[in-house]
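A.B. asks: Sharing a structure with you now.
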Amino acid sequence: MLDCGTGARRLGFKLIGGKNRELDLLFSHFHMDHVFGFPFFIPIYSPGYKVRITVPAFSVDEAREKIARYLNGVYHPTRVRELPADVEWNAIRPNKTFQAGQFTARGVQLNHPGGSVGYRLEVDGQSMAYITDTAPFARPGEGVEAGEPPTKAEERIIEFLEGCDLVVYDTMYDLGEYLEKMTWGHSYPEYAHAVCRAAGVKTLVLFHHLPEADDDALDALEAKWSTATEPRVVLAREGESLDVRG
């Protein structure tokens, strides 16, 4: 499970009662839209469940504290130390490889105010990456989108994504919106596609849609990218399941 937005409540109810009672939750960063759902994620209130929580931090204590600020008796009546589930806290740093359940995982530093970490997960020869909340790694007119050699920062993200079967990438803005909000830490489809093409990604999933984007806007975005290749492009939808193999 990657991040814990409002959809975590519905997912938690879906998971309860299943055979799997061990869950892995990886946080990219701690802006509220990525943490909102954690206090309402039912498995953490369920005895007999083990929830391993991985947090970008320098220590286990810091990892716990970054989440505990949302469950401290002030913003939510329950405190982290009172959770009935068996919660295990793990701190990770970018570029370090670690295990998340059955997955081999690695993090990469992204370009977002306050910091954010993307993840690459691999199992049984298949791979996916989660690149959320990041601005481009080059200025307009530079780097791979402009047909130029990649910047040093682009080289790092391209290496990280190399050969991925599926990449979920922050494409909150269109180009015009990005140019107006370049310091806000989000990207746009043309840039994501250029980076993924350079990395040899098979499928790009456009996600982190602008909250104001209605169905018509998203339908238009989907139509615009429906014929894209190398990589092919799909739009993220609530509740959707995707086969990493395409």
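Convention: chains lettered A, B, ... in structure tokens order; per-chain residue numbering from 1; ligands numbered from 1 as shown.
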Quick check for you: according to DSSP on this backbone, which residues of segment 6-216 of chain A are classed as alpha helix (DSSP H)? Reply as JSON, numbers by chain.

C.D. replies: {"A": [7, 8, 9, 10, 11, 12, 13, 14, 15, 60, 61, 62, 63, 64, 65, 66, 67, 68, 152, 153, 154, 155, 156, 157, 158, 159, 160, 161, 175, 176, 177, 178, 179, 180, 189, 190, 191, 192, 193, 194, 195, 196, 197, 198, 199, 215, 216]}

A.B. asks: Which residues come within 9 Å of Leu161 of chain A, counting only C-alpha atoms, excluding same-chain residues fewer than 2 positions away, as a compact mmCIF listing (two decimals) with C-alpha atoms, in the first residue's frame?

C.D. replies:
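result-v4.txt was written with the following content:
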# COMPACT_ATOMS: atom_id res chain seq x y z
CA ARG A 120 10.18 1.04 -7.07
CA MET A 128 6.37 -0.97 -10.91
CA ALA A 129 7.22 2.49 -9.62
CA ARG A 156 19.02 9.69 -11.61
CA ILE A 157 15.26 9.26 -12.11
CA ILE A 158 15.72 7.59 -15.52
CA GLU A 159 18.10 5.05 -14.00
CA GLY A 163 12.82 -1.03 -17.71
CA CYS A 164 9.84 -0.71 -15.36
CA VAL A 167 5.01 3.61 -13.60
CA VAL A 195 11.10 10.59 -18.81
CA CYS A 196 9.39 7.21 -19.01
CA ALA A 199 13.77 4.89 -19.20
CA GLY A 200 12.18 2.24 -21.42
CA VAL A 201 9.00 2.04 -19.32

A.B. asks: I'd like the neighbourhood of segment 4-18 of chain A as a ChimeraX atom specification, where a residue qualifies if any of its atoms comes within 6 Å (using only C-alpha atoms), though same-chain residues fewer than 3 positions away should be ignored.

C.D. replies: /A:33-38,40-42

A.B. asks: Save out the residues we just selected, C-alpha atoms, as a PDB file, in the first residue's frame.

C.D. replies:
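Below is the file again.pdb, written as the result:
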ATOM      1  CA  ASP A  33      -3.571  14.559   1.270  1.00  0.00           C
ATOM      2  CA  HIS A  34      -1.219  11.571   1.613  1.00  0.00           C
ATOM      3  CA  VAL A  35      -1.920  10.975   5.310  1.00  0.00           C
ATOM      4  CA  PHE A  36      -5.626  11.864   5.698  1.00  0.00           C
ATOM      5  CA  GLY A  37      -6.780   8.267   5.541  1.00  0.00           C
ATOM      6  CA  PHE A  38      -4.417   6.761   8.097  1.00  0.00           C
ATOM      7  CA  PHE A  40      -9.478   5.796   9.418  1.00  0.00           C
ATOM      8  CA  PHE A  41      -7.615   2.732   8.121  1.00  0.00           C
ATOM      9  CA  ILE A  42      -9.449  -0.081   9.913  1.00  0.00           C
TER      10      ILE A  42
END

A.B. asks: Could you build a table of the residues in segment 148-208 of chain A lying no more than 9 Å from segment 99-114 of chain A, giving for each the nearest pair of atoms and their separation in Å rounded to one decimal place, using only C-alpha atoms, ordered by chain and ascending residue number, as a Markdown table?

C.D. replies:
| residue | atom | partner | partner_atom | distance |
| --- | --- | --- | --- | --- |
| A:Arg156 | CA | A:Val108 | CA | 8.5 |
| A:Ile157 | CA | A:Val108 | CA | 7.5 |
| A:Phe160 | CA | A:Val108 | CA | 7.3 |
| A:Thr183 | CA | A:Pro113 | CA | 7.7 |
| A:Trp184 | CA | A:Pro113 | CA | 6.9 |
| A:Gly185 | CA | A:His112 | CA | 4.3 |
| A:His186 | CA | A:His112 | CA | 7.3 |

A.B. asks: Please, could you write that set of residues out with N, CA and C atoms as a short mmCIF file (atom, residue, chain, number, x, y, z; two decimals), in the first residue's frame?

C.D. replies:
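Writing the result to part.cif gives the following:
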data_model
loop_
_atom_site.label_atom_id
_atom_site.label_comp_id
_atom_site.auth_asym_id
_atom_site.auth_seq_id
_atom_site.Cartn_x
_atom_site.Cartn_y
_atom_site.Cartn_z
N ARG A 156 19.30 10.47 -12.82
CA ARG A 156 19.02 9.69 -11.61
C ARG A 156 17.63 9.06 -11.67
N ILE A 157 16.61 9.82 -12.08
CA ILE A 157 15.26 9.26 -12.11
C ILE A 157 15.11 8.28 -13.27
N PHE A 160 16.52 5.06 -12.17
CA PHE A 160 15.63 4.44 -11.19
C PHE A 160 14.46 3.73 -11.87
N THR A 183 6.89 26.06 -8.68
CA THR A 183 7.47 25.74 -7.37
C THR A 183 6.54 24.90 -6.50
N TRP A 184 5.40 24.46 -7.03
CA TRP A 184 4.42 23.74 -6.22
C TRP A 184 4.70 22.24 -6.15
N GLY A 185 5.61 21.76 -6.97
CA GLY A 185 6.05 20.38 -6.81
C GLY A 185 5.21 19.33 -7.50
N HIS A 186 4.64 19.67 -8.66
CA HIS A 186 3.87 18.69 -9.43
C HIS A 186 4.27 18.77 -10.91
#

A.B. asks: Check which residues of segment 158-215 of chain A sit at most 6 Å from segment 222-239 of chain A using only C-alpha atoms, and return one row each with the closest pair of atoms and their distance in Å to one decimal, ordered by chain and rising number, as a tab-separated table.

C.D. replies:
residue	atom	partner	partner_atom	distance
A:Arg197	CA	A:Glu230	CA	5.7
A:Val201	CA	A:Pro231	CA	5.8
A:Lys202	CA	A:Pro231	CA	4.8
A:Thr203	CA	A:Arg232	CA	5.0
A:Leu204	CA	A:Val233	CA	4.8
A:Val205	CA	A:Val234	CA	5.0
A:Leu206	CA	A:Leu235	CA	4.9
A:Phe207	CA	A:Ala236	CA	5.3

A.B. asks: Write a file of the selected residues as an mmCIF file, in the first residue's frame, keeping C-alpha atoms.

C.D. replies:
data_model
loop_
_atom_site.group_PDB
_atom_site.id
_atom_site.type_symbol
_atom_site.label_atom_id
_atom_site.label_comp_id
_atom_site.auth_asym_id
_atom_site.auth_seq_id
_atom_site.Cartn_x
_atom_site.Cartn_y
_atom_site.Cartn_z
ATOM 1 C CA ARG A 197 10.249 6.880 -22.693
ATOM 2 C CA VAL A 201 9.005 2.044 -19.324
ATOM 3 C CA LYS A 202 6.204 -0.089 -20.795
ATOM 4 C CA THR A 203 3.109 1.576 -19.280
ATOM 5 C CA LEU A 204 2.672 5.061 -17.802
ATOM 6 C CA VAL A 205 -0.273 5.712 -15.487
ATOM 7 C CA LEU A 206 -1.276 9.376 -15.205
ATOM 8 C CA PHE A 207 -2.398 10.118 -11.667
#

A.B. asks: In Å to one decimal, how far is atom CA of Asp243 of chain A from atom CA of Leu221 of chain A?

C.D. replies: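 Atom-to-atom, atom CA of Leu221 of chain A and atom CA of Asp243 of chain A are spaced 21.5 Å apart.
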
A.B. asks: Excluding same-chain residues fewer than 5 positions from Pro84 of chain A, what lies within 10 Å of it counting only C-alpha atoms, as a list in words?

C.D. replies: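 Surrounding residues, per the criterion: Pro43, Ile44, Tyr45, Ser46, Pro47, Gly48, Tyr49 and Lys50 of chain A.
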
A.B. asks: Okay, now the selection with N, CA and C atoms, as a compact mmCIF listing (two decimals), in the first residue's frame?

C.D. replies:
# COMPACT_ATOMS: atom_id res chain seq x y z
N PRO A 43 -7.56 -1.66 9.53
CA PRO A 43 -6.62 -2.68 10.03
C PRO A 43 -5.76 -2.24 11.21
N ILE A 44 -5.46 -0.94 11.36
CA ILE A 44 -4.63 -0.53 12.49
C ILE A 44 -5.39 -0.60 13.82
N TYR A 45 -6.71 -0.74 13.74
CA TYR A 45 -7.52 -0.88 14.95
C TYR A 45 -7.93 -2.34 15.20
N SER A 46 -7.34 -3.25 14.46
CA SER A 46 -7.80 -4.65 14.47
C SER A 46 -6.75 -5.55 15.10
N PRO A 47 -7.00 -6.08 16.30
CA PRO A 47 -6.08 -7.04 16.91
C PRO A 47 -5.88 -8.24 15.98
N GLY A 48 -4.68 -8.75 15.96
CA GLY A 48 -4.39 -9.88 15.08
C GLY A 48 -3.84 -9.48 13.73
N TYR A 49 -3.83 -8.18 13.45
CA TYR A 49 -3.24 -7.68 12.20
C TYR A 49 -1.85 -7.10 12.49
N LYS A 50 -0.93 -7.37 11.58
CA LYS A 50 0.40 -6.76 11.65
C LYS A 50 0.53 -5.77 10.50

A.B. asks: Atom CA of Gly125 of chain A and atom CA of Phe98 of chain A are how many Å apart?

C.D. replies: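 The value is 16.4 Å.
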
A.B. asks: Can you measure atom CA of Arg69 of chain A to atom CA of His29 of chain A for me? One decimal in Å is fine.

C.D. replies: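 Between atom CA of Arg69 of chain A and atom CA of His29 of chain A the gap is 13.4 Å.
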
A.B. asks: For a quick check of understanding, using only C-alpha atoms, which of A:Asp170, A:Ala63, A:Ser241, A:Asp216 has the smallest distance to Asp133 of chain A?

C.D. replies: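 For Asp133 of chain A, the nearest of the candidates is A:Asp170.
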
A.B. asks: For Gly115 of chain A, which residue among A:Ser187, A:Thr151, A:Thr54, A:Thr132 is the nearest when counting only C-alpha atoms?

C.D. replies: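 Of the candidates, the smallest distance to Gly115 of chain A is held by A:Thr132.
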
A.B. asks: Go through segment 65-113 of chain A and collect every residue that DSSP, computed from the backbone, puts in strand (DSSP E or B); the answer should be as an MDAnalysis selection string.

C.D. replies: chainID A and resid 72 79 86:92 97:100 103:109
